[in-house]
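Source file: upload-v7.cif. Holds: mmCIF, C-alpha atoms.
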data_final
loop_
_atom_site.label_atom_id
_atom_site.label_comp_id
_atom_site.auth_asym_id
_atom_site.auth_seq_id
_atom_site.Cartn_x
_atom_site.Cartn_y
_atom_site.Cartn_z
CA MET A 90 -23.42 11.18 -1.04
CA PRO A 91 -21.57 8.15 -2.43
CA LEU A 92 -19.98 5.63 -0.10
CA PHE A 93 -16.67 5.72 -2.02
CA SER A 94 -14.55 8.48 -3.45
CA VAL A 95 -12.09 6.85 -5.84
CA ILE A 96 -9.05 9.04 -6.48
CA ILE A 97 -6.74 8.57 -9.45
CA PRO A 98 -3.69 10.87 -9.69
CA LEU A 99 -2.93 11.29 -13.40
CA TYR A 100 0.34 12.29 -14.96
CA ASN A 101 1.31 11.18 -18.48
CA LYS A 102 -0.37 7.78 -18.51
CA GLU A 103 -2.16 7.96 -21.86
CA LYS A 104 -1.36 4.30 -22.61
CA TYR A 105 -2.88 3.01 -19.40
CA ILE A 106 -5.52 5.40 -18.07
CA GLN A 107 -8.45 4.08 -20.10
CA GLN A 108 -7.99 0.53 -18.81
CA THR A 109 -7.59 1.89 -15.29
CA VAL A 110 -10.79 3.94 -15.47
CA GLU A 111 -12.72 1.06 -17.06
CA SER A 112 -11.70 -1.20 -14.18
CA VAL A 113 -13.40 1.27 -11.82
CA LEU A 114 -16.53 1.68 -13.92
CA GLN A 115 -16.91 -2.11 -14.11
CA GLN A 116 -16.97 -2.57 -10.33
CA SER A 117 -19.77 -4.76 -8.97
CA PHE A 118 -20.37 -2.10 -6.28
CA ALA A 119 -21.43 1.07 -8.08
CA ASP A 120 -21.97 3.65 -5.30
CA PHE A 121 -18.89 5.77 -5.94
CA GLU A 122 -17.59 8.98 -7.43
CA LEU A 123 -14.41 8.89 -9.48
CA LEU A 124 -12.08 11.86 -9.07
CA ILE A 125 -9.30 11.95 -11.65
CA VAL A 126 -6.77 14.61 -10.69
CA ASN A 127 -4.64 15.69 -13.65
CA ASP A 128 -1.19 16.80 -12.50
CA ALA A 129 -0.42 18.94 -15.57
CA SER A 130 0.03 16.02 -17.97
CA THR A 131 1.87 16.82 -21.19
CA ASP A 132 0.64 13.82 -23.20
CA LYS A 133 -2.87 12.82 -24.32
CA SER A 134 -4.01 11.49 -20.95
CA VAL A 135 -6.74 14.11 -20.50
CA ALA A 136 -8.04 13.58 -24.02
CA VAL A 137 -8.38 9.85 -23.31
CA VAL A 138 -10.31 10.52 -20.09
CA SER A 139 -12.55 13.08 -21.80
CA GLN A 140 -13.76 10.43 -24.24
CA ILE A 141 -15.08 8.23 -21.42
CA SER A 142 -18.71 9.04 -20.66
CA ASP A 143 -19.94 8.38 -17.13
CA ASN A 144 -21.58 10.89 -14.78
CA ARG A 145 -19.60 9.54 -11.82
CA ILE A 146 -16.34 10.86 -13.31
CA GLN A 147 -14.96 14.25 -12.31
CA LEU A 148 -11.80 15.56 -13.94
CA ILE A 149 -9.92 17.89 -11.60
CA GLU A 150 -6.96 19.99 -12.76
CA ASN A 151 -3.90 20.95 -10.74
CA PRO A 152 -2.77 24.52 -11.50
CA LYS A 153 0.71 23.14 -12.21
CA ASN A 154 2.65 19.92 -11.72
CA LEU A 155 2.55 19.34 -7.96
CA GLY A 156 3.73 15.75 -7.58
CA LEU A 157 2.01 12.57 -6.45
CA SER A 158 1.37 13.40 -2.78
CA ALA A 159 -0.06 16.86 -3.41
CA THR A 160 -2.21 15.46 -6.22
CA ARG A 161 -3.67 12.81 -3.92
CA ASN A 162 -4.28 15.49 -1.29
CA HIS A 163 -6.08 17.64 -3.85
CA GLY A 164 -8.36 14.73 -4.70
CA ILE A 165 -9.03 13.96 -1.03
CA SER A 166 -9.96 17.62 -0.42
CA LYS A 167 -12.67 17.34 -3.10
CA ALA A 168 -13.99 13.94 -1.95
CA ASN A 169 -17.56 13.46 -0.74
CA GLY A 170 -17.53 9.74 0.04
CA ASP A 171 -17.17 8.19 3.47
CA ILE A 172 -14.33 6.00 2.19
CA ILE A 173 -11.33 7.12 0.14
CA ALA A 174 -10.03 4.49 -2.30
CA LEU A 175 -6.76 5.17 -4.12
CA LEU A 176 -5.80 3.85 -7.55
CA ASP A 177 -2.72 4.73 -9.56
CA ALA A 178 -3.29 5.63 -13.21
CA ASP A 179 -1.47 2.55 -14.57
CA ASP A 180 -3.03 -0.07 -12.26
CA VAL A 181 -6.38 -1.86 -12.35
CA TRP A 182 -8.89 -3.37 -9.95
CA LEU A 183 -10.65 -6.68 -10.26
CA PRO A 184 -14.44 -6.20 -10.51
CA ASN A 185 -15.13 -7.04 -6.86
CA PHE A 186 -12.52 -4.78 -5.25
CA LEU A 187 -14.91 -2.08 -3.99
CA GLU A 188 -17.49 -4.69 -2.97
CA THR A 189 -14.81 -6.37 -0.85
CA ILE A 190 -13.76 -3.08 0.76
CA GLN A 191 -17.44 -2.38 1.54
CA SER A 192 -17.63 -5.79 3.22
CA LEU A 193 -14.56 -4.95 5.35
CA TYR A 194 -16.15 -1.60 6.23
CA ASN A 195 -19.34 -3.31 7.39
CA SER A 196 -17.70 -6.29 9.09
CA PHE A 197 -15.03 -4.39 11.02
CA PRO A 198 -16.51 -1.05 12.15
CA GLU A 199 -13.55 -0.47 14.48
CA ALA A 200 -11.15 -0.36 11.51
CA ALA A 201 -10.31 2.85 9.64
CA ILE A 202 -7.93 1.43 7.02
CA TYR A 203 -8.79 -1.35 4.58
CA GLY A 204 -6.72 -3.27 2.08
CA THR A 205 -6.43 -6.35 -0.09
CA ASP A 206 -3.60 -8.33 -1.53
CA TYR A 207 -2.33 -7.46 -5.02
CA VAL A 208 -0.43 -8.99 -7.90
CA GLU A 209 2.61 -7.47 -9.62
CA ILE A 210 2.24 -7.27 -13.41
CA TYR A 211 5.29 -7.58 -15.67
CA THR A 212 5.53 -7.90 -19.45
CA SER A 213 8.83 -9.79 -19.46
CA HIS A 214 7.72 -12.68 -17.24
CA GLU A 215 4.85 -14.14 -15.29
CA ASN A 216 2.96 -12.07 -12.76
CA LEU A 217 4.03 -12.36 -9.13
CA ILE A 218 2.26 -12.12 -5.78
CA PRO A 219 4.56 -10.58 -3.14
CA ARG A 220 5.51 -12.64 -0.09
CA LYS A 221 3.78 -11.50 3.08
CA ASN A 222 4.25 -12.20 6.75
CA ILE A 223 0.73 -13.63 7.06
CA ALA A 224 -0.20 -17.29 7.46
CA SER A 225 -1.05 -18.83 4.08
CA SER A 226 -4.02 -20.57 5.73
CA LEU A 227 -5.74 -17.16 5.87
CA GLN A 228 -5.79 -16.72 2.09
CA GLY A 229 -9.26 -15.93 0.80
CA THR A 230 -10.47 -14.66 4.18
CA SER A 231 -11.08 -11.26 5.77
CA PHE A 232 -9.78 -10.32 9.19
CA LEU A 233 -8.62 -7.53 11.47
CA LEU A 234 -4.82 -7.43 11.59
CA ALA A 235 -3.49 -8.11 15.07
CA ASP A 236 -0.35 -6.10 14.26
CA PHE A 237 -0.10 -4.19 10.97
CA PHE A 238 3.66 -3.62 11.20
CA GLU A 239 4.46 -7.24 12.05
CA ALA A 240 2.35 -8.39 9.10
CA SER A 241 4.27 -5.95 6.88
CA MET A 242 7.78 -7.16 7.77
CA PHE A 243 8.24 -8.96 4.44
CA GLN A 244 6.90 -7.29 1.32
CA PRO A 245 4.00 -4.81 1.68
CA ILE A 246 0.69 -6.54 2.41
CA PHE A 247 -1.10 -3.97 0.28
CA CYS A 248 -0.11 -1.11 -1.99
CA GLN A 249 -1.58 2.30 -2.72
CA SER A 250 -3.79 0.79 -5.42
CA SER A 251 -5.27 -1.81 -3.05
CA LEU A 252 -5.81 0.58 -0.14
CA ALA A 253 -8.82 2.47 1.20
CA PHE A 254 -9.47 4.43 4.38
CA LYS A 255 -12.19 6.38 6.14
CA ARG A 256 -12.33 10.02 5.09
CA ALA A 257 -12.90 10.85 8.77
CA ILE A 258 -9.22 10.19 9.54
CA CYS A 259 -8.19 12.96 7.13
CA THR A 260 -8.09 15.66 9.77
CA GLU A 261 -5.00 17.36 8.32
CA THR A 262 -4.68 19.25 5.06
CA ASP A 263 -1.83 17.00 3.93
CA VAL A 264 -2.86 13.38 4.36
CA PHE A 265 0.20 12.58 2.27
CA ASN A 266 3.32 14.60 3.03
CA SER A 267 3.79 16.68 -0.12
CA LYS A 268 7.45 17.30 0.73
CA ILE A 269 8.28 13.61 0.33
CA THR A 270 9.16 12.63 -3.24
CA PHE A 271 10.06 8.96 -2.69
CA ALA A 272 8.25 6.26 -0.66
CA GLU A 273 5.30 8.50 0.19
CA ASP A 274 3.27 5.39 0.96
CA ILE A 275 5.67 4.27 3.72
CA GLU A 276 5.20 7.53 5.61
CA PHE A 277 1.43 7.14 5.28
CA TYR A 278 1.53 3.58 6.64
CA ILE A 279 3.67 4.59 9.62
CA LYS A 280 1.56 7.64 10.44
CA TYR A 281 -1.86 6.04 10.17
CA GLY A 282 -1.04 2.37 10.74
CA SER A 283 0.20 3.27 14.22
CA LYS A 284 -3.08 5.04 15.05
CA TYR A 285 -5.89 3.01 13.50
CA PRO A 286 -6.90 -0.67 13.19
CA VAL A 287 -6.46 -2.22 9.75
CA ALA A 288 -8.92 -4.68 8.15
CA TYR A 289 -7.54 -6.93 5.43
CA HIS A 290 -8.83 -9.30 2.76
CA TYR A 291 -6.16 -11.83 1.79
CA GLU A 292 -6.90 -12.08 -1.91
CA ALA A 293 -5.25 -10.25 -4.82
CA LEU A 294 -7.89 -7.83 -6.11
CA ALA A 295 -5.58 -5.23 -7.66
CA GLU A 296 -3.10 -5.58 -10.50
CA VAL A 297 -0.10 -3.28 -10.18
CA ARG A 298 2.22 -2.60 -13.09
CA PHE A 299 5.92 -2.79 -12.24
CA ASP A 300 7.39 -2.26 -15.69
CA VAL A 301 5.96 1.10 -16.75
CA PRO A 302 8.61 3.41 -18.28
CA ASP A 303 9.64 6.40 -16.12
CA GLN A 304 7.98 5.07 -12.96
CA MET A 305 8.99 7.10 -9.91
CA SER A 306 10.07 3.94 -8.11
CA LYS A 307 12.74 3.33 -10.75
CA ASN A 308 14.34 6.75 -10.47
CA SER A 309 17.42 7.67 -8.47
CA ILE A 310 16.74 8.42 -4.80
CA ALA A 311 19.90 10.39 -4.07
CA THR A 312 18.14 13.66 -4.93
CA LYS A 313 14.74 12.63 -3.55
CA VAL A 314 13.16 13.52 -0.22
CA LEU A 315 12.49 10.35 1.78
CA PRO A 316 10.30 9.87 4.87
CA ASP A 317 12.00 11.06 8.06
CA LEU A 318 11.89 7.78 9.95
CA ASP A 319 13.64 9.31 12.95
CA THR A 320 10.58 11.41 13.79
CA TYR A 321 8.72 8.22 14.73
CA GLU A 322 11.36 6.89 17.13
CA GLU A 323 9.52 8.29 20.16
CA VAL A 324 6.30 6.50 19.19
CA ALA A 325 8.28 3.34 18.48
CA LYS A 326 9.58 3.20 22.08
CA ASP A 327 6.25 1.70 23.09
CA ASN A 328 5.70 -0.23 19.86
CA HIS A 329 8.35 -2.86 19.14
CA SER A 330 6.89 -3.94 15.80
CA LEU A 331 6.85 -0.31 14.61
CA LYS A 332 10.52 -0.03 15.59
CA LYS A 333 11.29 -3.16 13.56
CA TYR A 334 9.35 -1.69 10.64
CA LEU A 335 11.31 1.56 10.84
CA ASP A 336 14.58 -0.37 10.88
CA LEU A 337 13.45 -2.51 7.93
CA TYR A 338 13.00 0.61 5.83
CA ARG A 339 16.22 2.12 7.11
CA TYR A 340 17.86 -1.01 5.73
CA ILE A 341 15.98 -0.75 2.41
CA PHE A 342 16.70 2.95 1.93
CA ALA A 343 20.34 2.57 3.01
CA SER A 344 20.78 -0.24 0.49
CA LEU A 345 19.41 1.96 -2.29
CA TYR A 346 21.75 4.77 -1.26
CA SER A 347 24.67 2.31 -1.30
CA LEU A 348 23.82 1.26 -4.86
CA GLU A 349 23.99 4.92 -5.89
CA ASN A 350 27.19 5.46 -3.88
CA ALA A 351 25.39 8.13 -1.82
CA ILE A 352 27.41 7.38 1.30
CA PRO A 353 26.51 10.44 3.45
CA GLN A 354 22.78 9.74 2.99
CA ARG A 355 23.36 6.05 3.68
CA ASN A 356 25.19 6.75 6.92
CA ALA A 357 22.58 9.25 8.07
CA MET A 358 19.82 6.71 7.39
CA LEU A 359 21.51 4.14 9.64
CA GLN A 360 22.12 6.38 12.66
CA ASN A 361 19.18 5.10 14.70
CA ILE A 362 18.98 1.54 13.43
CA GLU A 363 19.02 -1.46 15.77
CA TYR A 364 20.77 -4.16 13.77
CA SER A 365 19.18 -6.88 15.90
CA ASN A 366 15.89 -6.06 14.17
CA LEU A 367 17.33 -7.18 10.83
CA THR A 368 17.76 -10.68 9.48
CA PHE A 369 21.24 -12.16 9.15
CA LYS A 370 21.09 -11.67 5.36
CA GLN A 371 20.15 -8.03 5.78
CA ARG A 372 22.99 -7.34 8.21
CA LEU A 373 25.42 -9.09 5.86
CA LEU A 374 24.26 -7.07 2.87
CA LEU A 375 24.63 -3.79 4.76
CA LYS A 376 28.29 -4.65 5.36
CA SER A 377 28.92 -5.70 1.76
CA PRO A 378 30.90 -3.47 -0.62
CA ARG A 379 29.01 -1.69 -3.37
CA PHE A 380 30.21 -3.96 -6.20
CA VAL A 381 28.62 -6.93 -4.42
CA LEU A 382 25.30 -5.10 -4.16
CA VAL A 383 25.43 -4.12 -7.84
CA PHE A 384 26.11 -7.74 -8.81
CA LEU A 385 23.29 -9.03 -6.61
CA LYS A 386 20.87 -6.49 -8.05
CA LYS A 387 21.67 -7.66 -11.58
CA LEU A 388 21.37 -11.29 -10.50
CA LYS A 389 18.03 -10.58 -8.84
CA GLY A 390 16.73 -8.97 -12.04
CA PHE A 391 17.99 -11.93 -14.10
CA LEU A 392 16.24 -14.43 -11.84
CA LEU A 393 13.06 -12.33 -11.68
CA LYS A 394 12.72 -12.60 -15.46
CA ARG A 395 12.70 -16.35 -14.94
CA ASN A 396 10.00 -16.07 -12.28
CA ILE A 397 12.41 -16.71 -9.42
CA ARG A 398 12.20 -14.11 -6.67
CA VAL A 399 14.98 -13.82 -4.10
CA THR A 400 14.68 -11.52 -1.12
CA SER A 401 16.57 -10.69 2.09
CA PHE A 402 13.62 -11.65 4.31
#
Could you quickly redo this structure as structure tokens?
Amino acid sequence: MPLFSVIIPLYNKEKYIQQTVESVLQQSFADFELLIVNDASTDKSVAVVSQISDNRIQLIENPKNLGLSATRNHGISKANGDIIALLDADDVWLPNFLETIQSLYNSFPEAAIYGTDYVEIYTSHENLIPRKNIASSLQGTSFLLADFFEASMFQPIFCQSSLAFKRAICTETDVFNSKITFAEDIEFYIKYGSKYPVAYHYEALAEVRFDVPDQMSKNSIATKVLPDLDTYEEVAKDNHSLKKYLDLYRYIFASLYSLENAIPQRNAMLQNIEYSNLTFKQRLLLKSPRFVLVFLKKLKGFLLKRNIRVTSF
């Protein structure tokens, strides 16, 4: 059996999937199977994959369009490797990504989740590395995170395309909650990050596209199903950093609802928040009228195109 099962959910990514697959096939560590799960694509994505010849590739078909979480779950259910590595169909790995994850696996046997830093790829401006709540002196090193949620209090320390985990933790049919249609990754981090140690390599080994047309993250959230953060309040009573993490995402989701003028959803999201867990800027923004948030969003986008990132951290 291979050490890694690499899972790529595929839906209408004909322009990107070949580069994504090639980045896997060019890995310095070659003991893997590559499961590409087609979620009823309507473009030429499958035709592109079919032209790539490598006996490690398996193309798996969903019976119908099931969504991202269910597609990942389908791939996980077919996996044979000891480690599951996820990669979105429009992202790429650097050649030593899997080799680095293998090193984390060997160096930190107590860990069950592994990740690396990543870089955000844009076409309109220079690429950006997200700001993390980890000492810059640790860059280029591997370590066991003392507190995953505290480290994640700025921007995410890894993303779904720079994440791997032991298949042994997949004791439930739905590793990813298939009912959630927005921020599926956040629910995964809360659920598993509160149970298992996380090993991390502080180097960007994945390139994540943030300007792909029709990305889920760019769509309206008012009609989406978000993670139910309230269900983790009981666990958070004994985990202060988890509580802060929950409140951070309550703030983020509430802000998105405010931008869409979805006031009932916004108010419901804030019911269990402790405002003391937010920064002054975050508390101020939550109290700001919608027109201010709309203006700031446009300003943020303007500055981002000039490689200036402003955040509320």
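Here the PyMOL selection byres ((chain A and resi 101-111) around 7) matches the residues Leu99, Tyr100, Ser112, Val113, Leu114, Gln115, Ser130, Thr131, Asp132, Lys133, Ser134, Val137, Val138, Ala178, Asp179, Asp180 and Val181 of chain A.
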| message | Excluding A:Gln249 and its own-chain neighbours fewer than 5 positions away, which residues fall within 8 Å of it when counting only C-alpha atoms? Please give them as an MDAnalysis selection string. | response | chainID A and resid 175:177 274
| field | Which of A:Ser347, A:Ser231, A:Gln360, A:Gln244 sits closest to A:Phe380 [using all atoms listed in the file] | value | A:Ser347
Resolved residues for the PyMOL selection byres ((chain A and resi 345) around 12) as a compact mmCIF listing (two decimals) with C-alpha atoms, in the frame of the given file:
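The file below, part.txt, is the result:
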# COMPACT_ATOMS: atom_id res chain seq x y z
CA PHE A 271 10.06 8.96 -2.69
CA SER A 306 10.07 3.94 -8.11
CA LYS A 307 12.74 3.33 -10.75
CA ASN A 308 14.34 6.75 -10.47
CA SER A 309 17.42 7.67 -8.47
CA ILE A 310 16.74 8.42 -4.80
CA ALA A 311 19.90 10.39 -4.07
CA LYS A 313 14.74 12.63 -3.55
CA LEU A 315 12.49 10.35 1.78
CA TYR A 338 13.00 0.61 5.83
CA ARG A 339 16.22 2.12 7.11
CA TYR A 340 17.86 -1.01 5.73
CA ILE A 341 15.98 -0.75 2.41
CA PHE A 342 16.70 2.95 1.93
CA ALA A 343 20.34 2.57 3.01
CA SER A 344 20.78 -0.24 0.49
CA TYR A 346 21.75 4.77 -1.26
CA SER A 347 24.67 2.31 -1.30
CA LEU A 348 23.82 1.26 -4.86
CA GLU A 349 23.99 4.92 -5.89
CA ASN A 350 27.19 5.46 -3.88
CA ALA A 351 25.39 8.13 -1.82
CA ILE A 352 27.41 7.38 1.30
CA GLN A 354 22.78 9.74 2.99
CA ARG A 355 23.36 6.05 3.68
CA ASN A 356 25.19 6.75 6.92
CA MET A 358 19.82 6.71 7.39
CA LEU A 374 24.26 -7.07 2.87
CA LEU A 375 24.63 -3.79 4.76
CA ARG A 379 29.01 -1.69 -3.37
CA LEU A 382 25.30 -5.10 -4.16
CA VAL A 383 25.43 -4.12 -7.84
CA LYS A 386 20.87 -6.49 -8.05
| task | Measuring atom to atom with all atoms listed in the file, identify which of A:Phe197, A:Phe277, A:Phe384, A:Tyr289 is nearest to A:Ser251. | result |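 For A:Ser251, the nearest of the given residues is A:Tyr289.
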| One-decimal distance in Å that lies between atom CA of A:Leu183 and atom CA of A:Pro91 | 20.0 Å
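You will find atom CA of A:Glu276 at 5.7 Å from atom CA of A:Pro316.
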| field | Among the residues A:Ala159, A:Ser377, A:Phe369, A:Ile165, the one that comes closest to A:Leu123 [using all atoms listed in the file] | value | A:Ile165
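With only C-alpha atoms as the basis for measurement, A:Asn151 is the residue among A:Ser241, A:Ser365, A:Asn151, A:Ser196 that approaches A:His163 most closely.
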| query | From the set A:Phe186, A:Tyr207, A:Tyr285, A:Phe237, which residue has the shortest atom-to-atom contact distance to A:Phe299, counting only C-alpha atoms? | reply | A:Tyr207
| Residue members of the PyMOL selection byres ((chain A and resi 331) around 8) in the file shown, as a PyMOL selection string | chain A and resi 238-239+279+283+325+328-330+332-335
| Quick one: of A:Ile362, A:Ile97, A:Ile141, A:Val324, who's nearest to A:Asp336, counting all atoms listed in the file? | A:Ile362
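Counting from atom CA of A:Ile149, the distance to atom CA of A:Lys280 is 26.9 Å.
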